[in-house]
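Visitor: Sharing work22.csv, CSV, N, CA and C atoms:
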```csv
chain,number,residue,atom,x,y,z
N,1,MET,N,-14.2,2.7,0.3
N,1,MET,CA,-13.1,1.9,0.6
N,1,MET,C,-13.5,0.5,0.9
N,2,GLN,N,-12.7,-0.5,0.4
N,2,GLN,CA,-13.0,-1.9,0.7
N,2,GLN,C,-11.8,-2.4,1.5
N,3,GLU,N,-12.0,-3.3,2.4
N,3,GLU,CA,-10.9,-3.9,3.2
N,3,GLU,C,-11.0,-5.4,3.1
N,4,VAL,N,-9.9,-6.1,2.9
N,4,VAL,CA,-9.9,-7.5,2.8
N,4,VAL,C,-8.7,-8.0,3.6
N,5,ILE,N,-9.0,-9.1,4.4
N,5,ILE,CA,-7.9,-9.7,5.2
N,5,ILE,C,-7.5,-11.0,4.4
N,6,LEU,N,-6.2,-11.1,4.2
N,6,LEU,CA,-5.6,-12.2,3.5
N,6,LEU,C,-4.7,-13.0,4.5
N,7,PRO,N,-5.2,-14.1,5.0
N,7,PRO,CA,-4.4,-14.8,6.1
N,7,PRO,C,-3.1,-15.4,5.6
N,8,ASP,N,-3.0,-15.7,4.3
N,8,ASP,CA,-1.8,-16.4,3.9
N,8,ASP,C,-1.6,-16.2,2.4
N,9,LEU,N,-0.5,-16.7,1.9
N,9,LEU,CA,-0.1,-16.6,0.5
N,9,LEU,C,-1.2,-17.1,-0.5
N,10,ASP,N,-1.8,-18.3,-0.1
N,10,ASP,CA,-2.8,-18.8,-1.0
N,10,ASP,C,-4.0,-17.9,-1.1
N,11,ALA,N,-4.4,-17.3,0.0
N,11,ALA,CA,-5.5,-16.3,0.0
N,11,ALA,C,-5.1,-15.1,-0.8
N,12,THR,N,-3.9,-14.7,-0.8
N,12,THR,CA,-3.4,-13.5,-1.5
N,12,THR,C,-3.5,-13.8,-3.0
N,13,HIS,N,-3.1,-15.0,-3.4
N,13,HIS,CA,-3.1,-15.4,-4.8
N,13,HIS,C,-4.6,-15.5,-5.3
N,14,LYS,N,-5.4,-16.1,-4.5
N,14,LYS,CA,-6.9,-16.2,-4.9
N,14,LYS,C,-7.5,-14.8,-5.0
N,15,TRP,N,-7.2,-13.9,-4.1
N,15,TRP,CA,-7.8,-12.6,-4.2
N,15,TRP,C,-7.3,-11.9,-5.4
N,16,ALA,N,-6.0,-11.9,-5.7
N,16,ALA,CA,-5.4,-11.3,-6.8
N,16,ALA,C,-5.9,-11.8,-8.2
N,17,ARG,N,-6.1,-13.1,-8.2
N,17,ARG,CA,-6.7,-13.7,-9.5
N,17,ARG,C,-8.1,-13.2,-9.7
N,18,GLU,N,-8.9,-13.1,-8.7
N,18,GLU,CA,-10.3,-12.5,-8.8
N,18,GLU,C,-10.2,-11.1,-9.2
N,19,PHE,N,-9.4,-10.3,-8.5
N,19,PHE,CA,-9.2,-8.9,-8.8
N,19,PHE,C,-8.8,-8.7,-10.3
N,20,ALA,N,-7.9,-9.5,-10.7
N,20,ALA,CA,-7.4,-9.4,-12.1
N,20,ALA,C,-8.5,-9.5,-13.1
N,21,LYS,N,-9.4,-10.3,-12.9
N,21,LYS,CA,-10.5,-10.5,-13.8
N,21,LYS,C,-11.4,-9.3,-14.0
N,22,SER,N,-11.3,-8.3,-13.1
N,22,SER,CA,-12.1,-7.1,-13.1
N,22,SER,C,-11.4,-6.0,-13.9
N,23,LEU,N,-10.1,-6.2,-14.3
N,23,LEU,CA,-9.3,-5.1,-14.9
N,23,LEU,C,-9.4,-5.1,-16.4
N,24,HIS,N,-9.7,-4.0,-16.9
N,24,HIS,CA,-9.7,-3.8,-18.4
N,24,HIS,C,-9.0,-2.5,-18.7
N,25,ALA,N,-8.2,-2.5,-19.7
N,25,ALA,CA,-7.4,-1.3,-20.1
N,25,ALA,C,-8.3,-0.2,-20.7
N,26,PRO,N,-7.9,1.0,-20.4
N,26,PRO,CA,-6.9,1.5,-19.6
N,26,PRO,C,-7.3,1.6,-18.1
N,27,VAL,N,-6.5,1.1,-17.2
N,27,VAL,CA,-6.7,1.2,-15.8
N,27,VAL,C,-5.3,1.2,-15.1
N,28,THR,N,-5.3,1.9,-14.1
N,28,THR,CA,-4.0,2.0,-13.3
N,28,THR,C,-4.3,1.5,-11.9
N,29,VAL,N,-3.4,0.7,-11.4
N,29,VAL,CA,-3.4,0.1,-10.1
N,29,VAL,C,-2.1,0.5,-9.3
N,30,ALA,N,-2.3,1.3,-8.3
N,30,ALA,CA,-1.1,1.7,-7.5
N,30,ALA,C,-1.0,0.8,-6.3
N,31,LEU,N,0.1,0.1,-6.1
N,31,LEU,CA,0.3,-0.8,-5.0
N,31,LEU,C,1.2,-0.2,-4.0
N,32,HIS,N,0.6,0.1,-2.8
N,32,HIS,CA,1.4,0.8,-1.7
N,32,HIS,C,1.7,-0.2,-0.6
N,33,GLY,N,2.8,-0.1,0.0
N,33,GLY,CA,3.1,-1.0,1.1
N,33,GLY,C,4.6,-1.0,1.3
N,34,ASP,N,5.0,-1.4,2.5
N,34,ASP,CA,6.4,-1.5,2.9
N,34,ASP,C,7.1,-2.7,2.2
N,35,LEU,N,8.4,-2.7,2.2
N,35,LEU,CA,9.1,-3.9,1.7
N,35,LEU,C,8.6,-5.2,2.3
N,36,GLY,N,8.4,-6.2,1.4
N,36,GLY,CA,8.0,-7.5,1.9
N,36,GLY,C,6.5,-7.6,2.1
N,37,MET,N,5.7,-6.7,1.8
N,37,MET,CA,4.2,-6.7,2.0
N,37,MET,C,3.5,-7.5,1.0
N,38,GLY,N,4.1,-7.7,-0.2
N,38,GLY,CA,3.4,-8.5,-1.2
N,38,GLY,C,3.0,-7.8,-2.5
N,39,LYS,N,3.5,-6.6,-2.7
N,39,LYS,CA,3.2,-5.8,-3.9
N,39,LYS,C,3.6,-6.6,-5.1
N,40,SER,N,4.8,-7.1,-5.2
N,40,SER,CA,5.3,-7.9,-6.3
N,40,SER,C,4.5,-9.2,-6.5
N,41,GLU,N,4.1,-9.8,-5.4
N,41,GLU,CA,3.4,-11.1,-5.5
N,41,GLU,C,2.0,-10.8,-6.1
N,42,ILE,N,1.4,-9.7,-5.7
N,42,ILE,CA,0.0,-9.4,-6.2
N,42,ILE,C,0.2,-9.0,-7.7
N,43,ALA,N,1.1,-8.2,-8.1
N,43,ALA,CA,1.3,-7.8,-9.5
N,43,ALA,C,1.6,-9.1,-10.3
N,44,ARG,N,2.5,-9.9,-9.8
N,44,ARG,CA,2.8,-11.2,-10.6
N,44,ARG,C,1.6,-12.0,-10.8
N,45,THR,N,0.8,-12.2,-9.8
N,45,THR,CA,-0.4,-13.0,-9.9
N,45,THR,C,-1.4,-12.4,-10.9
N,46,ILE,N,-1.6,-11.1,-10.9
N,46,ILE,CA,-2.5,-10.4,-11.8
N,46,ILE,C,-2.0,-10.7,-13.2
N,47,ILE,N,-0.7,-10.5,-13.5
N,47,ILE,CA,-0.1,-10.7,-14.8
N,47,ILE,C,-0.3,-12.1,-15.3
N,48,LYS,N,0.0,-13.1,-14.4
N,48,LYS,CA,-0.1,-14.5,-14.8
N,48,LYS,C,-1.6,-14.9,-15.0
N,49,THR,N,-2.5,-14.3,-14.3
N,49,THR,CA,-3.9,-14.5,-14.5
N,49,THR,C,-4.4,-14.0,-15.9
N,50,LEU,N,-3.9,-12.9,-16.3
N,50,LEU,CA,-4.3,-12.3,-17.5
N,50,LEU,C,-3.5,-12.7,-18.7
N,51,ARG,N,-2.3,-13.2,-18.5
N,51,ARG,CA,-1.4,-13.5,-19.7
N,51,ARG,C,-1.0,-15.0,-19.7
N,52,GLY,N,-1.4,-15.8,-18.7
N,52,GLY,CA,-1.1,-17.2,-18.7
N,52,GLY,C,-0.2,-17.6,-17.5
N,53,GLU,N,-0.4,-18.7,-16.9
N,53,GLU,CA,0.4,-19.1,-15.8
N,53,GLU,C,1.8,-19.3,-16.1
N,54,ASN,N,2.1,-19.6,-17.4
N,54,ASN,CA,3.5,-19.9,-17.8
N,54,ASN,C,4.3,-18.6,-18.1
N,55,THR,N,3.6,-17.5,-18.0
N,55,THR,CA,4.3,-16.2,-18.3
N,55,THR,C,5.4,-16.0,-17.2
N,56,VAL,N,6.6,-15.6,-17.7
N,56,VAL,CA,7.7,-15.3,-16.8
N,56,VAL,C,7.6,-13.9,-16.4
N,57,VAL,N,7.5,-13.7,-15.0
N,57,VAL,CA,7.3,-12.3,-14.5
N,57,VAL,C,8.4,-11.9,-13.5
N,58,PRO,N,9.5,-11.4,-14.1
N,58,PRO,CA,10.6,-11.0,-13.2
N,58,PRO,C,10.2,-9.7,-12.5
N,59,SER,N,10.8,-9.4,-11.4
N,59,SER,CA,10.6,-8.1,-10.8
N,59,SER,C,11.2,-7.0,-11.6
N,60,PRO,N,10.5,-5.9,-11.8
N,60,PRO,CA,11.0,-4.8,-12.5
N,60,PRO,C,11.9,-3.8,-11.7
N,61,THR,N,12.4,-4.3,-10.5
N,61,THR,CA,13.1,-3.4,-9.6
N,61,THR,C,14.3,-2.8,-10.3
N,62,PHE,N,15.0,-3.5,-11.2
N,62,PHE,CA,16.2,-2.9,-11.8
N,62,PHE,C,15.9,-2.4,-13.2
N,63,THR,N,14.9,-3.0,-13.9
N,63,THR,CA,14.5,-2.5,-15.3
N,63,THR,C,13.5,-1.4,-15.2
N,64,ILE,N,12.9,-1.2,-14.1
N,64,ILE,CA,11.9,-0.2,-13.8
N,64,ILE,C,10.5,-0.5,-14.4
N,65,VAL,N,10.5,-1.1,-15.6
N,65,VAL,CA,9.2,-1.5,-16.2
N,65,VAL,C,9.4,-2.8,-17.0
N,66,GLN,N,8.4,-3.6,-16.9
N,66,GLN,CA,8.3,-4.8,-17.7
N,66,GLN,C,6.9,-4.7,-18.4
N,67,SER,N,6.9,-5.1,-19.7
N,67,SER,CA,5.6,-5.1,-20.4
N,67,SER,C,5.2,-6.5,-20.9
N,68,TYR,N,3.9,-6.7,-20.9
N,68,TYR,CA,3.3,-8.0,-21.2
N,68,TYR,C,2.1,-7.7,-22.1
N,69,ASP,N,2.2,-7.4,-23.3
N,69,ASP,CA,1.1,-7.3,-24.3
N,69,ASP,C,-0.1,-6.6,-23.6
N,70,GLY,N,0.0,-5.3,-23.4
N,70,GLY,CA,-1.1,-4.5,-22.8
N,70,GLY,C,-1.1,-4.4,-21.3
N,71,ILE,N,-0.1,-5.0,-20.7
N,71,ILE,CA,0.0,-4.8,-19.2
N,71,ILE,C,1.4,-4.2,-19.0
N,72,SER,N,1.5,-3.2,-18.2
N,72,SER,CA,2.8,-2.6,-17.9
N,72,SER,C,2.9,-2.7,-16.4
N,73,HIS,N,4.1,-3.2,-15.9
N,73,HIS,CA,4.4,-3.4,-14.5
N,73,HIS,C,5.6,-2.5,-14.2
N,74,PHE,N,5.3,-1.5,-13.4
N,74,PHE,CA,6.4,-0.6,-13.0
N,74,PHE,C,6.8,-0.8,-11.5
N,75,ASP,N,8.1,-0.6,-11.2
N,75,ASP,CA,8.6,-0.6,-9.9
N,75,ASP,C,9.4,0.7,-9.8
N,76,LEU,N,8.8,1.7,-9.1
N,76,LEU,CA,9.4,3.1,-9.1
N,76,LEU,C,10.3,3.3,-7.9
N,77,TYR,N,10.7,2.2,-7.2
N,77,TYR,CA,11.5,2.4,-6.0
N,77,TYR,C,12.7,3.2,-6.2
N,78,ARG,N,13.4,3.0,-7.3
N,78,ARG,CA,14.6,3.7,-7.6
N,78,ARG,C,14.5,5.1,-8.3
N,79,ILE,N,13.2,5.4,-8.6
N,79,ILE,CA,13.0,6.7,-9.3
N,79,ILE,C,12.9,7.8,-8.2
N,80,THR,N,13.7,8.9,-8.4
N,80,THR,CA,13.8,9.9,-7.4
N,80,THR,C,13.2,11.2,-7.9
N,81,ASP,N,13.0,11.3,-9.2
N,81,ASP,CA,12.5,12.6,-9.8
N,81,ASP,C,11.4,12.2,-10.8
N,82,ALA,N,10.3,12.8,-10.6
N,82,ALA,CA,9.1,12.5,-11.5
N,82,ALA,C,9.4,12.8,-12.9
N,83,SER,N,10.3,13.6,-13.3
N,83,SER,CA,10.6,13.8,-14.7
N,83,SER,C,11.1,12.5,-15.4
N,84,GLU,N,11.7,11.6,-14.6
N,84,GLU,CA,12.1,10.3,-15.2
N,84,GLU,C,11.0,9.4,-15.6
N,85,LEU,N,9.8,9.7,-15.2
N,85,LEU,CA,8.7,8.8,-15.5
N,85,LEU,C,8.2,8.9,-16.9
N,86,VAL,N,8.5,10.0,-17.6
N,86,VAL,CA,8.2,10.2,-19.0
N,86,VAL,C,9.1,9.3,-19.8
N,87,GLU,N,10.4,9.3,-19.4
N,87,GLU,CA,11.4,8.5,-20.1
N,87,GLU,C,11.1,7.0,-20.0
N,88,VAL,N,10.5,6.5,-18.9
N,88,VAL,CA,10.2,5.1,-18.8
N,88,VAL,C,8.9,4.7,-19.3
N,89,GLY,N,8.1,5.7,-19.8
N,89,GLY,CA,6.9,5.4,-20.5
N,89,GLY,C,5.6,5.4,-19.6
N,90,LEU,N,5.7,5.9,-18.4
N,90,LEU,CA,4.5,5.8,-17.6
N,90,LEU,C,3.3,6.6,-18.2
N,91,PRO,N,3.4,7.8,-18.7
N,91,PRO,CA,2.3,8.5,-19.2
N,91,PRO,C,1.6,7.7,-20.3
N,92,TYR,N,2.3,7.1,-21.2
N,92,TYR,CA,1.7,6.3,-22.3
N,92,TYR,C,1.0,5.1,-21.7
N,93,ALA,N,1.6,4.4,-20.7
N,93,ALA,CA,1.0,3.2,-20.1
N,93,ALA,C,-0.3,3.5,-19.5
N,94,VAL,N,-0.4,4.6,-18.7
N,94,VAL,CA,-1.6,4.8,-18.0
N,94,VAL,C,-2.8,5.2,-18.9
N,95,GLN,N,-2.4,5.6,-20.1
N,95,GLN,CA,-3.5,6.0,-21.1
N,95,GLN,C,-3.9,4.8,-21.9
N,96,HIS,N,-3.1,3.7,-22.0
N,96,HIS,CA,-3.4,2.6,-22.9
N,96,HIS,C,-3.5,1.2,-22.3
N,97,ASP,N,-2.8,1.0,-21.2
N,97,ASP,CA,-2.6,-0.4,-20.6
N,97,ASP,C,-3.3,-0.6,-19.3
N,98,ILE,N,-3.2,-1.9,-18.9
N,98,ILE,CA,-3.5,-2.2,-17.5
N,98,ILE,C,-2.1,-1.9,-16.9
N,99,THR,N,-2.0,-0.9,-16.0
N,99,THR,CA,-0.8,-0.4,-15.5
N,99,THR,C,-0.7,-0.7,-14.0
N,100,LEU,N,0.3,-1.5,-13.6
N,100,LEU,CA,0.5,-1.9,-12.2
N,100,LEU,C,1.7,-1.2,-11.7
N,101,ILE,N,1.6,-0.4,-10.6
N,101,ILE,CA,2.7,0.4,-10.2
N,101,ILE,C,3.1,0.1,-8.7
N,102,GLU,N,4.3,-0.4,-8.5
N,102,GLU,CA,4.8,-0.5,-7.1
N,102,GLU,C,5.5,0.7,-6.8
N,103,TRP,N,5.5,1.2,-5.5
N,103,TRP,CA,6.1,2.4,-5.0
N,103,TRP,C,5.6,3.6,-5.9
N,104,PRO,N,4.3,3.9,-5.9
N,104,PRO,CA,3.8,4.9,-6.8
N,104,PRO,C,3.9,6.3,-6.3
N,105,ASP,N,4.4,6.6,-5.1
N,105,ASP,CA,4.4,7.9,-4.5
N,105,ASP,C,5.0,9.0,-5.4
N,106,VAL,N,6.1,8.7,-6.1
N,106,VAL,CA,6.8,9.7,-6.9
N,106,VAL,C,5.9,10.0,-8.2
N,107,ALA,N,5.0,9.2,-8.5
N,107,ALA,CA,4.2,9.3,-9.7
N,107,ALA,C,2.8,9.9,-9.5
N,108,MET,N,2.5,10.3,-8.2
N,108,MET,CA,1.1,10.7,-7.9
N,108,MET,C,0.6,11.8,-8.8
N,109,GLY,N,1.4,12.7,-9.2
N,109,GLY,CA,1.0,13.8,-10.1
N,109,GLY,C,0.6,13.4,-11.5
N,110,LEU,N,1.1,12.2,-11.9
N,110,LEU,CA,0.8,11.7,-13.3
N,110,LEU,C,-0.3,10.6,-13.3
N,111,LEU,N,-0.8,10.2,-12.2
N,111,LEU,CA,-1.8,9.1,-12.2
N,111,LEU,C,-3.2,9.6,-12.5
N,112,PRO,N,-3.9,8.9,-13.2
N,112,PRO,CA,-5.3,9.3,-13.5
N,112,PRO,C,-6.1,9.4,-12.2
N,113,LYS,N,-7.2,10.2,-12.2
N,113,LYS,CA,-8.0,10.4,-11.0
N,113,LYS,C,-8.7,9.1,-10.6
N,114,ASP,N,-9.0,8.2,-11.5
N,114,ASP,CA,-9.6,6.9,-11.2
N,114,ASP,C,-8.7,5.8,-10.9
N,115,THR,N,-7.4,6.1,-10.6
N,115,THR,CA,-6.5,5.1,-10.2
N,115,THR,C,-7.0,4.3,-9.0
N,116,ILE,N,-6.8,3.0,-9.1
N,116,ILE,CA,-7.2,2.1,-8.0
N,116,ILE,C,-6.0,2.0,-7.0
N,117,HIS,N,-6.1,2.5,-5.8
N,117,HIS,CA,-5.0,2.5,-4.9
N,117,HIS,C,-5.2,1.3,-3.9
N,118,ILE,N,-4.2,0.4,-3.8
N,118,ILE,CA,-4.3,-0.7,-3.0
N,118,ILE,C,-3.2,-0.6,-1.9
N,119,TYR,N,-3.6,-0.5,-0.7
N,119,TYR,CA,-2.7,-0.3,0.5
N,119,TYR,C,-2.6,-1.7,1.2
N,120,ILE,N,-1.3,-2.2,1.3
N,120,ILE,CA,-1.1,-3.5,1.8
N,120,ILE,C,-0.3,-3.3,3.1
N,121,SER,N,-0.8,-3.9,4.2
N,121,SER,CA,-0.1,-3.8,5.4
N,121,SER,C,-0.1,-5.2,6.2
N,122,SER,N,0.7,-5.3,7.1
N,122,SER,CA,0.7,-6.5,7.9
N,122,SER,C,-0.5,-6.5,8.8
N,123,CYS,N,-1.1,-7.7,8.9
N,123,CYS,CA,-2.3,-7.9,9.7
N,123,CYS,C,-1.9,-7.9,11.2
N,124,GLY,N,-0.7,-8.4,11.5
N,124,GLY,CA,-0.3,-8.7,12.9
N,124,GLY,C,-1.0,-9.9,13.4
N,125,ALA,N,-0.5,-10.3,14.5
N,125,ALA,CA,-0.9,-11.6,15.2
N,125,ALA,C,-2.4,-11.5,15.6
N,126,ASP,N,-2.9,-10.3,15.9
N,126,ASP,CA,-4.2,-10.2,16.4
N,126,ASP,C,-5.3,-10.6,15.4
N,127,CYS,N,-5.1,-10.4,14.1
N,127,CYS,CA,-6.2,-10.7,13.2
N,127,CYS,C,-5.9,-11.9,12.3
N,128,CYS,N,-4.7,-12.2,12.0
N,128,CYS,CA,-4.5,-13.4,11.1
N,128,CYS,C,-3.1,-13.9,11.0
N,129,ASN,N,-2.4,-13.9,12.2
N,129,ASN,CA,-1.1,-14.6,12.3
N,129,ASN,C,-0.1,-14.2,11.2
N,130,GLY,N,0.1,-12.9,11.0
N,130,GLY,CA,1.1,-12.5,10.0
N,130,GLY,C,0.6,-12.3,8.6
N,131,GLY,N,-0.7,-12.4,8.4
N,131,GLY,CA,-1.2,-12.3,7.1
N,131,GLY,C,-1.2,-10.8,6.6
N,132,ARG,N,-2.0,-10.5,5.6
N,132,ARG,CA,-2.0,-9.1,5.1
N,132,ARG,C,-3.4,-8.5,5.1
N,133,LYS,N,-3.4,-7.2,5.3
N,133,LYS,CA,-4.6,-6.5,5.2
N,133,LYS,C,-4.5,-5.6,3.9
N,134,ILE,N,-5.6,-5.7,3.1
N,134,ILE,CA,-5.6,-4.9,1.8
N,134,ILE,C,-6.7,-3.9,2.0
N,135,GLU,N,-6.4,-2.7,1.7
N,135,GLU,CA,-7.4,-1.6,1.7
N,135,GLU,C,-7.4,-1.1,0.2
N,136,ILE,N,-8.6,-1.1,-0.4
N,136,ILE,CA,-8.7,-0.6,-1.8
N,136,ILE,C,-9.5,0.7,-1.8
N,137,LYS,N,-8.9,1.7,-2.4
N,137,LYS,CA,-9.5,3.0,-2.5
N,137,LYS,C,-9.6,3.4,-4.0
```
Taking this structure as input, can you express it in the form of structure tokens?
Guide:
Amino acid sequence: MQEVILPDLDATHKWAREFAKSLHAPVTVALHGDLGMGKSEIARTIIKTLRGENTVVPSPTFTIVQSYDGISHFDLYRITDASELVEVGLPYAVQHDITLIEWPDVAMGLLPKDTIHIYISSCGADCCNGGRKIEIK
């Protein structure tokens, strides 16, 4: 496990850009964390790093998945039954794409064994004045 402290949004963007450069399809990245922890911001930065800064990256909260030429970005917040994941293309994506998944808990049975799990939590005032702690497993 690796742990990274990100004191602010700039540090988060920098970390996500560097992390993005290490990703090659097929790979699955599961982004865990409460609302407002930065899952979407990390996913958006990864996509823009790999597909260009001018890439429009809307949140897939309502569409469930957005695709970007070999990158699939899922938001499974509204999925309540794992059977729905086939319909939205998750099994295909994890076999072929760089797959970024927010709220991955419902999909745990379909994720590859080598999935990169990123746990994002608030650092609290003690370590970085409201920044984020990233744990990578």
Visitor: Calculated over all atoms listed in the file, which of the candidates N:Ala30, N:Ile47, N:Ile118, N:Val65 has the smallest distance to N:Ile101?
Guide: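 Among N:Ala30, N:Ile47, N:Ile118, N:Val65, it is N:Ala30 that comes nearest to N:Ile101.
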Visitor: Write out as a PyMOL selection string the residues lying within 10 Å of N:Ser59, counting only C-alpha atoms and excluding same-chain residues fewer than 2 positions away.
Guide: chain N and resi 40-41+43-44+56-57+61-66+73-75
Visitor: If we count all atoms listed in the file, what is near N:Asp105 at a cut-off of 8 Å, once residues fewer than 5 positions away on the same chain are taken out, given as a short mmCIF file (atom, residue, chain, number, x, y, z; two decimals) with N, CA and C atoms, in the coordinates of the input?
Guide:
```
data_model
loop_
_atom_site.label_atom_id
_atom_site.label_comp_id
_atom_site.auth_asym_id
_atom_site.auth_seq_id
_atom_site.Cartn_x
_atom_site.Cartn_y
_atom_site.Cartn_z
N ALA N 30 -2.30 1.30 -8.30
CA ALA N 30 -1.10 1.70 -7.50
C ALA N 30 -1.00 0.80 -6.30
N LEU N 31 0.10 0.10 -6.10
CA LEU N 31 0.30 -0.80 -5.00
C LEU N 31 1.20 -0.20 -4.00
N HIS N 32 0.60 0.10 -2.80
CA HIS N 32 1.40 0.80 -1.70
C HIS N 32 1.70 -0.20 -0.60
N LEU N 76 8.80 1.70 -9.10
CA LEU N 76 9.40 3.10 -9.10
C LEU N 76 10.30 3.30 -7.90
N TYR N 77 10.70 2.20 -7.20
CA TYR N 77 11.50 2.40 -6.00
C TYR N 77 12.70 3.20 -6.20
#
```
Visitor: For N:Pro7, which residue among N:Arg132, N:Arg51, N:Lys113, N:Gly89 is the nearest when counting all atoms listed in the file?
Guide: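 With all atoms listed in the file as the atom set, the closest residue is N:Arg132.
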Visitor: Could you tell me, as number ranges by chain, which residues of stretch 4-80 of chain N DSSP assigns to strand (DSSP E or B) when given the backbone?
Guide: N: 4-6, 27-32, 65-67, 71-75
Visitor: With N, CA and C atoms kept, could you save the residues just selected as an mmCIF file, keeping the file's coordinate frame?
Guide:
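Once written, part-v6.cif looks like this:
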```cif
data_model
loop_
_atom_site.group_PDB
_atom_site.id
_atom_site.type_symbol
_atom_site.label_atom_id
_atom_site.label_comp_id
_atom_site.auth_asym_id
_atom_site.auth_seq_id
_atom_site.Cartn_x
_atom_site.Cartn_y
_atom_site.Cartn_z
ATOM 1 N N VAL N 4 -9.900 -6.100 2.900
ATOM 2 C CA VAL N 4 -9.900 -7.500 2.800
ATOM 3 C C VAL N 4 -8.700 -8.000 3.600
ATOM 4 N N ILE N 5 -9.000 -9.100 4.400
ATOM 5 C CA ILE N 5 -7.900 -9.700 5.200
ATOM 6 C C ILE N 5 -7.500 -11.000 4.400
ATOM 7 N N LEU N 6 -6.200 -11.100 4.200
ATOM 8 C CA LEU N 6 -5.600 -12.200 3.500
ATOM 9 C C LEU N 6 -4.700 -13.000 4.500
ATOM 10 N N VAL N 27 -6.500 1.100 -17.200
ATOM 11 C CA VAL N 27 -6.700 1.200 -15.800
ATOM 12 C C VAL N 27 -5.300 1.200 -15.100
ATOM 13 N N THR N 28 -5.300 1.900 -14.100
ATOM 14 C CA THR N 28 -4.000 2.000 -13.300
ATOM 15 C C THR N 28 -4.300 1.500 -11.900
ATOM 16 N N VAL N 29 -3.400 0.700 -11.400
ATOM 17 C CA VAL N 29 -3.400 0.100 -10.100
ATOM 18 C C VAL N 29 -2.100 0.500 -9.300
ATOM 19 N N ALA N 30 -2.300 1.300 -8.300
ATOM 20 C CA ALA N 30 -1.100 1.700 -7.500
ATOM 21 C C ALA N 30 -1.000 0.800 -6.300
ATOM 22 N N LEU N 31 0.100 0.100 -6.100
ATOM 23 C CA LEU N 31 0.300 -0.800 -5.000
ATOM 24 C C LEU N 31 1.200 -0.200 -4.000
ATOM 25 N N HIS N 32 0.600 0.100 -2.800
ATOM 26 C CA HIS N 32 1.400 0.800 -1.700
ATOM 27 C C HIS N 32 1.700 -0.200 -0.600
ATOM 28 N N VAL N 65 10.500 -1.100 -15.600
ATOM 29 C CA VAL N 65 9.200 -1.500 -16.200
ATOM 30 C C VAL N 65 9.400 -2.800 -17.000
ATOM 31 N N GLN N 66 8.400 -3.600 -16.900
ATOM 32 C CA GLN N 66 8.300 -4.800 -17.700
ATOM 33 C C GLN N 66 6.900 -4.700 -18.400
ATOM 34 N N SER N 67 6.900 -5.100 -19.700
ATOM 35 C CA SER N 67 5.600 -5.100 -20.400
ATOM 36 C C SER N 67 5.200 -6.500 -20.900
ATOM 37 N N ILE N 71 -0.100 -5.000 -20.700
ATOM 38 C CA ILE N 71 0.000 -4.800 -19.200
ATOM 39 C C ILE N 71 1.400 -4.200 -19.000
ATOM 40 N N SER N 72 1.500 -3.200 -18.200
ATOM 41 C CA SER N 72 2.800 -2.600 -17.900
ATOM 42 C C SER N 72 2.900 -2.700 -16.400
ATOM 43 N N HIS N 73 4.100 -3.200 -15.900
ATOM 44 C CA HIS N 73 4.400 -3.400 -14.500
ATOM 45 C C HIS N 73 5.600 -2.500 -14.200
ATOM 46 N N PHE N 74 5.300 -1.500 -13.400
ATOM 47 C CA PHE N 74 6.400 -0.600 -13.000
ATOM 48 C C PHE N 74 6.800 -0.800 -11.500
ATOM 49 N N ASP N 75 8.100 -0.600 -11.200
ATOM 50 C CA ASP N 75 8.600 -0.600 -9.900
ATOM 51 C C ASP N 75 9.400 0.700 -9.800
#
```
Visitor: Take atom CA of N:Arg78 and atom CA of N:Gln2 and report the distance between them in Å, one decimal.
Guide: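 It comes out at 29.4 Å.
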Visitor: From the set N:Gly109, N:Trp103, N:Val4, N:Lys137, which residue has the shortest atom-to-atom contact distance to N:Gly33, counting only C-alpha atoms?
Guide: N:Trp103
Visitor: Which one of N:Asp81, N:Asp97, N:Glu53, N:Asp34 sits closest to N:Tyr119 if you count only N, CA and C atoms?
Guide: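 Using only N, CA and C atoms, the shortest distance to N:Tyr119 belongs to N:Asp34.
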Visitor: Rounded to one decimal place, report the atom CA of N:Gly36-atom CA of N:Ile71 distance in Å.
Guide: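 Distance reported for this atom pair: 22.7 Å.
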